[in-house]
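Visitor: As input, take input_9.cif (mmCIF, C-alpha atoms):
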data_work
loop_
_atom_site.label_atom_id
_atom_site.label_comp_id
_atom_site.auth_asym_id
_atom_site.auth_seq_id
_atom_site.Cartn_x
_atom_site.Cartn_y
_atom_site.Cartn_z
CA MET A 499 133.57 125.47 76.68
CA SER A 500 131.51 122.58 75.44
CA ASP A 501 129.29 123.25 72.46
CA ALA A 502 126.62 120.91 73.83
CA VAL A 503 123.20 122.48 73.81
CA GLN A 504 122.01 123.51 77.24
CA ILE A 505 118.48 122.61 78.15
CA LEU A 506 116.38 125.72 78.72
CA ASP A 507 114.92 126.85 82.03
CA ALA A 508 111.39 126.67 80.68
CA VAL A 509 109.78 127.56 84.00
CA ALA A 510 111.74 130.82 84.17
CA ILE A 511 111.05 131.63 80.53
CA VAL A 512 107.31 131.04 80.82
CA GLY A 513 107.19 132.69 84.25
CA ASP A 514 108.93 135.87 83.03
CA TYR A 515 106.66 135.97 80.00
CA LEU A 516 103.47 135.63 82.08
CA ARG A 517 104.59 138.17 84.68
CA GLU A 518 105.07 140.73 81.92
CA HIS A 519 101.89 139.91 80.05
CA PRO A 520 99.36 142.71 80.76
CA ASP A 521 96.28 140.46 81.03
CA VAL A 522 97.95 138.13 83.53
CA GLU A 523 99.76 140.92 85.35
CA SER A 524 96.47 142.76 85.93
CA MET A 525 95.09 139.69 87.73
CA VAL A 526 98.04 138.44 89.77
CA GLY A 527 100.63 141.21 89.72
CA GLY A 528 103.95 139.44 89.97
CA ARG A 529 102.59 136.36 91.71
CA VAL A 530 103.81 133.88 89.12
CA SER A 531 106.41 131.47 90.48
CA HIS A 532 107.71 127.93 90.55
CA LYS A 533 106.54 127.65 94.16
CA SER A 534 103.49 128.48 96.24
CA PRO A 535 103.36 131.81 98.10
CA SER A 536 104.65 131.85 101.67
CA GLU A 537 102.41 130.40 104.35
CA GLY A 538 99.59 132.82 105.14
CA ASP A 539 100.07 134.79 101.93
CA PHE A 540 97.10 133.31 100.08
CA GLU A 541 94.94 136.43 99.89
CA GLU A 542 95.55 137.27 96.24
CA PRO A 543 95.32 134.86 93.29
CA TRP A 544 98.54 133.31 92.06
CA VAL A 545 100.06 131.08 89.40
CA ARG A 546 102.47 128.23 90.09
CA ILE A 547 104.48 126.62 87.30
CA THR A 548 106.02 123.16 87.62
CA LEU A 549 108.13 121.42 85.02
CA LEU A 550 106.85 117.85 84.86
CA ASP A 551 108.96 116.48 82.07
CA PRO A 552 111.37 117.86 79.46
CA GLN A 553 111.66 115.46 76.54
CA ASN A 554 113.96 115.66 73.55
CA VAL A 555 111.91 115.77 70.35
CA THR A 556 114.60 117.00 68.00
CA GLY A 557 114.01 114.21 65.54
CA ASN A 558 117.50 114.20 64.02
CA SER A 559 121.09 113.70 65.12
CA ARG A 560 121.33 117.13 66.70
CA VAL A 561 121.45 116.64 70.45
CA GLU A 562 118.81 118.21 72.68
CA TRP A 563 117.85 121.04 70.38
CA LEU A 564 114.09 120.99 70.23
CA VAL A 565 112.66 119.97 73.58
CA SER A 566 109.06 119.43 74.68
CA TYR A 567 108.65 121.02 78.10
CA TYR A 568 105.61 119.55 79.79
CA LEU A 569 104.34 122.04 82.38
CA GLN A 570 101.66 122.04 85.03
CA ILE A 571 100.39 125.56 85.55
CA ASP A 572 98.19 125.97 88.64
CA CYS A 573 95.88 128.97 88.59
CA TYR A 574 94.55 129.70 92.09
CA ALA A 575 91.72 131.97 93.15
CA GLY A 576 92.34 134.50 95.92
CA SER A 577 90.80 134.40 99.40
CA GLU A 578 87.30 135.21 98.09
CA ASN A 579 87.59 131.76 96.59
CA ARG A 580 85.52 132.45 93.50
CA PHE A 581 85.34 129.76 90.84
CA ALA A 582 85.06 132.43 88.16
CA GLU A 583 88.24 134.12 89.36
CA ALA A 584 90.25 130.92 89.00
CA PHE A 585 88.70 130.25 85.61
CA ASP A 586 89.33 133.79 84.34
CA LEU A 587 92.94 133.54 85.47
CA ALA A 588 93.42 130.19 83.73
CA ALA A 589 91.78 131.54 80.59
CA ALA A 590 94.05 134.61 80.64
CA VAL A 591 97.14 132.44 81.12
CA ARG A 592 96.03 130.12 78.34
CA ALA A 593 95.37 133.01 75.95
CA ALA A 594 98.75 134.54 76.80
CA LEU A 595 100.55 131.26 76.19
CA ILE A 596 98.89 130.77 72.82
CA ALA A 597 100.73 133.91 71.73
CA LEU A 598 104.05 132.66 73.15
CA PRO A 599 105.41 131.35 69.81
CA ASP A 600 105.14 134.90 68.44
CA ALA A 601 106.92 136.47 71.41
CA ASP A 602 110.43 137.85 71.03
CA LEU A 603 112.24 136.04 73.84
CA GLU A 604 115.83 136.72 74.78
CA ASP A 605 117.27 133.21 75.03
CA ALA A 606 114.68 130.92 73.49
CA VAL A 607 112.49 130.34 70.50
CA VAL A 608 109.13 128.77 71.22
CA THR A 609 108.00 126.90 68.14
CA ASP A 610 104.66 125.60 69.33
CA ILE A 611 102.42 125.18 72.33
CA GLY A 612 99.56 122.82 73.10
CA PHE A 613 97.26 122.12 76.00
CA ALA A 614 96.44 118.64 77.20
CA SER A 615 93.74 119.60 79.69
CA MET A 616 92.46 122.31 82.02
CA PRO A 617 90.51 120.62 84.83
CA SER A 618 88.97 122.40 87.78
CA GLN A 619 90.70 120.77 90.74
CA PRO A 620 90.12 122.67 93.99
CA ASP A 621 93.03 122.40 96.41
CA ALA A 622 91.76 120.66 99.54
CA ASP A 623 95.00 121.41 101.38
CA LEU A 624 93.51 124.82 102.18
CA MET A 625 90.31 125.21 104.20
CA PRO A 626 87.91 125.69 102.57
CA ALA A 627 89.23 123.99 99.45
CA ARG A 628 90.64 126.73 97.23
CA GLU A 629 89.36 127.03 93.67
CA ARG A 630 92.06 126.11 91.19
CA PHE A 631 92.35 125.32 87.51
CA ILE A 632 95.21 123.16 86.36
CA LEU A 633 96.55 123.93 82.93
CA ASP A 634 98.56 121.11 81.37
CA ALA A 635 100.72 122.72 78.73
CA GLU A 636 103.35 121.40 76.36
CA VAL A 637 105.82 124.03 75.18
CA PHE A 638 108.16 123.22 72.31
CA ALA A 639 111.27 125.38 72.43
CA HIS A 640 114.91 125.56 71.43
CA PRO A 641 117.75 127.93 72.33
CA ARG A 642 118.08 131.08 70.27
CA MET B 527 82.21 97.52 39.88
CA ALA B 528 79.37 99.33 41.57
CA PRO B 529 80.33 102.06 44.02
CA VAL B 530 80.21 101.00 47.63
CA ARG B 531 78.73 103.35 50.19
CA TYR B 532 80.65 103.55 53.45
CA VAL B 533 78.43 103.55 56.52
CA PRO B 534 80.32 104.20 59.76
CA ASN B 535 79.54 101.73 62.51
CA PRO B 536 78.88 103.72 65.71
CA LEU B 537 79.68 100.63 67.77
CA PHE B 538 83.02 100.02 66.06
CA GLU B 539 85.24 100.97 69.02
CA GLU B 540 83.08 99.11 71.48
CA GLU B 541 83.12 95.97 69.33
CA VAL B 542 86.89 96.15 68.83
CA ARG B 543 87.43 96.50 72.57
CA GLU B 544 85.53 93.27 73.16
CA GLN B 545 87.77 91.26 70.86
CA PRO B 546 90.19 88.92 72.72
CA GLN B 547 93.05 90.01 70.45
CA HIS B 548 92.49 93.63 71.45
CA GLU B 549 92.32 92.69 75.10
CA LYS B 550 95.57 90.76 74.80
CA GLY B 551 97.31 93.64 73.04
CA MET B 552 96.03 96.15 75.56
CA ARG B 553 97.18 93.97 78.45
CA THR B 554 100.76 94.26 77.23
CA ILE B 555 100.44 98.04 76.92
CA THR B 556 98.70 98.60 80.25
CA LYS B 557 101.23 96.42 82.08
CA GLY B 558 104.04 98.53 80.57
CA VAL B 559 102.27 101.75 81.50
CA ALA B 560 101.63 100.58 85.08
CA LYS B 561 105.31 99.69 85.43
CA ALA B 562 106.35 103.11 84.10
CA VAL B 563 103.95 104.86 86.50
CA ARG B 564 105.39 102.91 89.45
CA THR B 565 108.89 103.82 88.30
CA ALA B 566 107.90 107.49 88.08
CA ALA B 567 106.54 107.25 91.63
CA ARG B 568 109.74 105.77 93.03
CA PRO B 569 111.72 109.01 93.57
CA PHE B 570 109.21 110.28 96.15
CA ARG B 571 108.66 106.87 97.72
CA ASN B 572 107.97 106.87 101.42
CA THR B 573 106.18 103.66 102.39
CA GLY B 574 105.64 102.25 98.89
CA TYR B 575 101.86 102.33 99.44
CA TYR B 576 101.16 104.46 96.38
CA GLU B 577 103.22 102.19 94.12
CA ARG B 578 101.34 99.14 95.34
CA ARG B 579 98.01 100.83 94.59
CA VAL B 580 98.85 101.33 90.91
CA ARG B 581 97.17 98.44 89.15
CA VAL B 582 95.93 97.23 85.82
CA LYS B 583 92.16 96.95 85.80
CA ALA B 584 90.58 95.58 82.63
CA GLN B 585 92.06 97.80 79.91
CA SER B 586 92.97 100.68 82.20
CA VAL B 587 95.66 101.61 84.68
CA VAL B 588 94.25 102.90 87.95
CA ALA B 589 95.59 104.30 91.22
CA SER B 590 93.42 103.41 94.17
CA ASP B 591 95.38 105.41 96.73
CA PHE B 592 92.81 107.75 98.30
CA ALA B 593 95.30 110.63 98.01
CA TRP B 594 96.10 110.04 94.35
CA HIS B 595 95.03 113.55 93.30
CA TRP B 596 97.39 115.16 95.81
CA VAL B 597 100.20 113.02 94.47
CA GLU B 598 99.32 113.69 90.85
CA PHE B 599 98.38 117.37 90.93
CA GLY B 600 100.03 118.57 94.12
CA SER B 601 98.63 121.15 96.50
CA VAL B 602 99.64 124.46 97.95
CA HIS B 603 101.98 122.58 100.29
CA ASN B 604 103.14 119.84 97.93
CA PRO B 605 104.58 119.79 94.42
CA PRO B 606 102.78 117.82 91.72
CA TYR B 607 104.72 114.55 91.52
CA ALA B 608 102.63 113.58 88.48
CA PRO B 609 103.58 109.87 88.35
CA PHE B 610 100.79 109.12 85.88
CA ARG B 611 101.61 111.86 83.43
CA ARG B 612 105.35 111.27 83.72
CA GLY B 613 104.88 107.53 83.51
CA LEU B 614 102.71 107.78 80.42
CA ARG B 615 105.32 109.87 78.65
CA ALA B 616 108.09 107.53 79.77
CA ALA B 617 106.08 104.60 78.37
CA GLY B 618 106.06 106.36 75.02
CA ILE B 619 102.44 107.41 75.06
CA ARG B 620 102.11 110.91 73.72
CA LEU B 621 99.18 113.18 73.37
CA VAL B 622 99.11 114.09 69.71
CA MET B 623 97.82 117.58 69.34
CA ASP B 624 97.09 117.88 65.68
CA PRO B 625 93.48 118.94 65.38
CA LYS B 626 91.84 119.48 62.07
CA PRO B 627 91.26 123.16 61.36
CA PRO B 628 87.69 124.32 61.93
CA ARG B 629 85.50 124.41 58.83
#
Would you kindly transcribe this structure into structure tokens?

Guide:
Amino acid sequence: MSDAVQILDAVAIVGDYLREHPDVESMVGGRVSHKSPSEGDFEEPWVRITLLDPQNVTGNSRVEWLVSYYLQIDCYAGSENRFAEAFDLAAAVRAALIALPDADLEDAVVTDIGFASMPSQPDADLMPARERFILDAEVFAHPR
Amino acid sequence: MAPVRYVPNPLFEEEVREQPQHEKGMRTITKGVAKAVRTAARPFRNTGYYERRVRVKAQSVVASDFAWHWVEFGSVHNPPYAPFRRGLRAAGIRLVMDPKPPR
């Protein structure tokens, strides 16, 4: 087997972590995924994670060790469509992620995390436009 | 030599931006960024309309497609294609998150 470093599945790692985090779990249950809920299942709030760009930031000759995973994390309100609900969810996700470098993960070590922005961007694809906060996060991680 | 007191000029950035050298330098950067954004938009190309609407305007790169936010941020029915954010990173522009600790 090749000893090349495998890039991590950052969406799964962050998704598993958020699903198990009590503050996030109490707001969305297990509704943290890389895709939107099924059509018509938009009653409860949810979180969608998309990997925008993984970039090697190792900084030495070691190949693909430390990678910057640039994630978009959508935090949607439920059918009551309350702005505060979307904000509270985004704030809970953000607070949980800040603690990610201290978490004991099975396959990965998260060395740092930063946030580029957290705009309120209601999703006009639902009627009425559904409240949503978009968390732009950069997670630095390497395999364990 | 007498000590010199430094007085920050609040108009410094504005004045620098008006310099022709700055404008020339920025033109090179913004052209590169616009090209990288168009390249990042290519994988989900349909008609090419979005790519054509990515333009350099003064010292900025803008997308004048009316649906730019759907393309950039996605929706419940569409993934975020994020051509601007991907393009910026591909062009080598990084957000440096190194804030000074609070006092």

Visitor: List, as a list of chain:residue names, every residue that the PyMOL selection byres ((chain B) within 10 of (chain A)) selects in the file provided.

Guide: B:His595, B:Trp596, B:Phe599, B:Gly600, B:Ser601, B:Val602, B:His603, B:Asn604, B:Pro605, B:Pro606, B:Tyr607, B:Ala608, B:Pro609, B:Arg611, B:Arg612, B:Gly613, B:Arg615, B:Ala616, B:Leu621, B:Val622, B:Met623, B:Asp624

Visitor: Got a sec to check which residues sit within 9 Å of (98.2, 105.6, 95.2), counting all atoms listed in the file, and write them as a list in words?

Guide: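 Within the cut-off we find Gly574, Tyr575, Tyr576, Glu577, Arg578, Arg579, Val580, Val588, Ala589, Ser590, Asp591, Phe592, Ala593, Trp594, His595 and Val597 of chain B.
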
Visitor: Just to confirm, what's the straight-line distance from atom CA of Ala566 of chain B to atom CA of Asp507 of chain A in Å (one decimal)?

Guide: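 Computed distance, atom CA of Ala566 of chain B to atom CA of Asp507 of chain A, equals 21.5 Å.
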
Visitor: For Gln504 of chain A, which residue among A:Ala589, A:Val522, A:Val555, A:Ala606 is the nearest when counting only C-alpha atoms?

Guide: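 Smallest distance to Gln504 of chain A is found for A:Ala606.
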
Visitor: Would you compute the distance between atom CA of Met552 of chain B and atom CA of Asn535 of chain B? Give it in Å to one decimal.

Guide: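 Between atom CA of Met552 of chain B and atom CA of Asn535 of chain B the gap works out to 21.8 Å.
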
Visitor: Between atom CA of Pro520 of chain A and atom CA of Ile505 of chain A, what is the distance in Å, rounded to a tenth?

Guide: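 Calculated distance between atom CA of Pro520 of chain A and atom CA of Ile505 of chain A is 27.9 Å.
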
Visitor: From the list B:Lys557, B:Ala584, B:Pro529, B:Phe570, which residue is nearest Glu598 of chain B when using all atoms listed in the file?

Guide: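 Closest candidate: B:Phe570.
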
Visitor: List the residues selected by the PyMOL selection byres ((chain A and resi 527) around 10) in the file shown, writing them as a list in words.

Guide: Leu516, Arg517, Glu518, His519, Pro520, Asp521, Val522, Glu523, Ser524, Met525, Val526, Gly528, Arg529, Val530, Glu542, Pro543 and Trp544 of chain A

Visitor: Just C-alpha atoms for this one: save the residues we selected as a PDB file, in the coordinates of the input.

Guide:
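For reference, selection-v4.pdb as written:
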ATOM      1  CA  LEU A 516     103.470 135.630  82.080  1.00  0.00           C
ATOM      2  CA  ARG A 517     104.590 138.170  84.680  1.00  0.00           C
ATOM      3  CA  GLU A 518     105.070 140.730  81.920  1.00  0.00           C
ATOM      4  CA  HIS A 519     101.890 139.910  80.050  1.00  0.00           C
ATOM      5  CA  PRO A 520      99.360 142.710  80.760  1.00  0.00           C
ATOM      6  CA  ASP A 521      96.280 140.460  81.030  1.00  0.00           C
ATOM      7  CA  VAL A 522      97.950 138.130  83.530  1.00  0.00           C
ATOM      8  CA  GLU A 523      99.760 140.920  85.350  1.00  0.00           C
ATOM      9  CA  SER A 524      96.470 142.760  85.930  1.00  0.00           C
ATOM     10  CA  MET A 525      95.090 139.690  87.730  1.00  0.00           C
ATOM     11  CA  VAL A 526      98.040 138.440  89.770  1.00  0.00           C
ATOM     12  CA  GLY A 528     103.950 139.440  89.970  1.00  0.00           C
ATOM     13  CA  ARG A 529     102.590 136.360  91.710  1.00  0.00           C
ATOM     14  CA  VAL A 530     103.810 133.880  89.120  1.00  0.00           C
ATOM     15  CA  GLU A 542      95.550 137.270  96.240  1.00  0.00           C
ATOM     16  CA  PRO A 543      95.320 134.860  93.290  1.00  0.00           C
ATOM     17  CA  TRP A 544      98.540 133.310  92.060  1.00  0.00           C
TER      18      TRP A 544
END

Visitor: Ranking A:Arg642, A:Trp563, A:Ile571, A:Ser531 by minimum distance to Asp605 of chain A and counting all atoms listed in the file, which one comes first?

Guide: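 Counting all atoms listed in the file, the residue closest to Asp605 of chain A is A:Arg642.
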
Visitor: Give the answer as one residue: which of B:Val542, B:Val582, B:Ala528, B:Val533 has the shortest atom-to-atom distance to Thr556 of chain B, using only C-alpha atoms?

Guide: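 Smallest separation from Thr556 of chain B among the options: B:Val582.
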
Visitor: Identify the residues within 9 Å of coordinate (99.1, 99.3, 79.9) (same frame as the file), considering only C-alpha atoms, and give the answer as number ranges by chain.

Guide: B: 552-561, 582, 585-587, 617

Visitor: Only C-alpha atoms, please: the residues just picked out, written as an mmCIF file, keeping the file's coordinate frame.

Guide:
data_model
loop_
_atom_site.group_PDB
_atom_site.id
_atom_site.type_symbol
_atom_site.label_atom_id
_atom_site.label_comp_id
_atom_site.auth_asym_id
_atom_site.auth_seq_id
_atom_site.Cartn_x
_atom_site.Cartn_y
_atom_site.Cartn_z
ATOM 1 C CA MET B 552 96.030 96.150 75.560
ATOM 2 C CA ARG B 553 97.180 93.970 78.450
ATOM 3 C CA THR B 554 100.760 94.260 77.230
ATOM 4 C CA ILE B 555 100.440 98.040 76.920
ATOM 5 C CA THR B 556 98.700 98.600 80.250
ATOM 6 C CA LYS B 557 101.230 96.420 82.080
ATOM 7 C CA GLY B 558 104.040 98.530 80.570
ATOM 8 C CA VAL B 559 102.270 101.750 81.500
ATOM 9 C CA ALA B 560 101.630 100.580 85.080
ATOM 10 C CA LYS B 561 105.310 99.690 85.430
ATOM 11 C CA VAL B 582 95.930 97.230 85.820
ATOM 12 C CA GLN B 585 92.060 97.800 79.910
ATOM 13 C CA SER B 586 92.970 100.680 82.200
ATOM 14 C CA VAL B 587 95.660 101.610 84.680
ATOM 15 C CA ALA B 617 106.080 104.600 78.370
#

Visitor: Identify which of the residues A:Glu578, A:Asp586, A:Glu562, A:Asp600 lies closest to Ala627 of chain A, counting all atoms listed in the file when measuring atom-to-atom distances.

Guide: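 Nearest to Ala627 of chain A: A:Glu578.
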
Visitor: With the PyMOL selection byres ((chain A and resi 617) around 8) as the selection, what would be picked from this file? Answer as a PyMOL selection string, please.

Guide: chain A and resi 615-616+618-619+631-633

Visitor: Grab the residues selected above and save them as a PDB file, in the coordinates of the input with C-alpha atoms.

Guide:
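Saved file part-v3.pdb follows:
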ATOM      1  CA  SER A 615      93.740 119.600  79.690  1.00  0.00           C
ATOM      2  CA  MET A 616      92.460 122.310  82.020  1.00  0.00           C
ATOM      3  CA  SER A 618      88.970 122.400  87.780  1.00  0.00           C
ATOM      4  CA  GLN A 619      90.700 120.770  90.740  1.00  0.00           C
ATOM      5  CA  PHE A 631      92.350 125.320  87.510  1.00  0.00           C
ATOM      6  CA  ILE A 632      95.210 123.160  86.360  1.00  0.00           C
ATOM      7  CA  LEU A 633      96.550 123.930  82.930  1.00  0.00           C
TER       8      LEU A 633
END

Visitor: Need to verify the contact set: Val608 of chain A, 9 Å, all atoms listed in the file, exclusion of same-chain residues closer than 5 positions in sequence. Can you return it as a short mmCIF file (atom, residue, chain, number, x, y, z; two decimals) with C-alpha atoms, in the coordinates of the input?

Guide:
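Written output follows (part_30.cif):
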data_model
loop_
_atom_site.label_atom_id
_atom_site.label_comp_id
_atom_site.auth_asym_id
_atom_site.auth_seq_id
_atom_site.Cartn_x
_atom_site.Cartn_y
_atom_site.Cartn_z
CA LEU A 598 104.05 132.66 73.15
CA PRO A 599 105.41 131.35 69.81
CA ASP A 600 105.14 134.90 68.44
CA ALA A 601 106.92 136.47 71.41
CA LEU A 603 112.24 136.04 73.84
CA VAL A 637 105.82 124.03 75.18
CA PHE A 638 108.16 123.22 72.31
CA ALA A 639 111.27 125.38 72.43
CA HIS A 640 114.91 125.56 71.43
CA PRO A 641 117.75 127.93 72.33
#

Visitor: Can you sort out the box for segment 513-520 of chain A, edges along x, y and z, all listed atoms in, 8 Å on every side, with centre and edge lengths in Å to one decimal, as AutoDock Vina command-line options?

Guide:
--center_x 104.1 --center_y 137.7 --center_z 82.3 --size_x 25.6 --size_y 26.0 --size_z 20.7

Visitor: Could you model N, CA and C atoms for segment 547-561 of chain A and present them as a PDB file, in the frame of the given file?

Guide:
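Just written: out.pdb:
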ATOM      1  N   ILE A 547     104.055 127.386  88.485  1.00  0.00           N
ATOM      2  CA  ILE A 547     104.480 126.620  87.300  1.00  0.00           C
ATOM      3  C   ILE A 547     105.433 125.517  87.736  1.00  0.00           C
ATOM      4  N   THR A 548     105.143 124.295  87.315  1.00  0.00           N
ATOM      5  CA  THR A 548     106.020 123.160  87.620  1.00  0.00           C
ATOM      6  C   THR A 548     106.398 122.457  86.320  1.00  0.00           C
ATOM      7  N   LEU A 549     107.672 122.191  86.175  1.00  0.00           N
ATOM      8  CA  LEU A 549     108.130 121.420  85.020  1.00  0.00           C
ATOM      9  C   LEU A 549     107.964 119.935  85.346  1.00  0.00           C
ATOM     10  N   LEU A 550     107.080 119.269  84.603  1.00  0.00           N
ATOM     11  CA  LEU A 550     106.850 117.850  84.860  1.00  0.00           C
ATOM     12  C   LEU A 550     107.840 116.974  84.101  1.00  0.00           C
ATOM     13  N   ASP A 551     108.140 117.367  82.883  1.00  0.00           N
ATOM     14  CA  ASP A 551     108.960 116.480  82.070  1.00  0.00           C
ATOM     15  C   ASP A 551     109.493 117.201  80.828  1.00  0.00           C
ATOM     16  N   PRO A 552     110.811 117.369  80.708  1.00  0.00           N
ATOM     17  CA  PRO A 552     111.370 117.860  79.460  1.00  0.00           C
ATOM     18  C   PRO A 552     111.803 116.673  78.601  1.00  0.00           C
ATOM     19  N   GLN A 553     111.360 116.629  77.380  1.00  0.00           N
ATOM     20  CA  GLN A 553     111.660 115.460  76.540  1.00  0.00           C
ATOM     21  C   GLN A 553     112.227 115.927  75.205  1.00  0.00           C
ATOM     22  N   ASN A 554     113.327 115.311  74.832  1.00  0.00           N
ATOM     23  CA  ASN A 554     113.960 115.660  73.550  1.00  0.00           C
ATOM     24  C   ASN A 554     113.083 115.202  72.384  1.00  0.00           C
ATOM     25  N   VAL A 555     112.730 116.130  71.519  1.00  0.00           N
ATOM     26  CA  VAL A 555     111.910 115.770  70.350  1.00  0.00           C
ATOM     27  C   VAL A 555     112.564 116.294  69.077  1.00  0.00           C
ATOM     28  N   THR A 556     113.887 116.400  69.125  1.00  0.00           N
ATOM     29  CA  THR A 556     114.600 117.000  68.000  1.00  0.00           C
ATOM     30  C   THR A 556     114.321 116.265  66.693  1.00  0.00           C
ATOM     31  N   GLY A 557     114.362 114.968  66.736  1.00  0.00           N
ATOM     32  CA  GLY A 557     114.010 114.210  65.540  1.00  0.00           C
ATOM     33  C   GLY A 557     115.136 114.021  64.558  1.00  0.00           C
ATOM     34  N   ASN A 558     116.339 114.489  64.865  1.00  0.00           N
ATOM     35  CA  ASN A 558     117.500 114.200  64.020  1.00  0.00           C
ATOM     36  C   ASN A 558     118.720 114.015  64.921  1.00  0.00           C
ATOM     37  N   SER A 559     119.907 114.023  64.336  1.00  0.00           N
ATOM     38  CA  SER A 559     121.090 113.700  65.120  1.00  0.00           C
ATOM     39  C   SER A 559     121.537 114.854  66.026  1.00  0.00           C
ATOM     40  N   ARG A 560     120.959 116.012  65.847  1.00  0.00           N
ATOM     41  CA  ARG A 560     121.330 117.130  66.700  1.00  0.00           C
ATOM     42  C   ARG A 560     120.862 116.841  68.125  1.00  0.00           C
ATOM     43  N   VAL A 561     121.753 117.042  69.076  1.00  0.00           N
ATOM     44  CA  VAL A 561     121.450 116.640  70.450  1.00  0.00           C
ATOM     45  C   VAL A 561     120.666 117.720  71.180  1.00  0.00           C
TER      46      VAL A 561
END
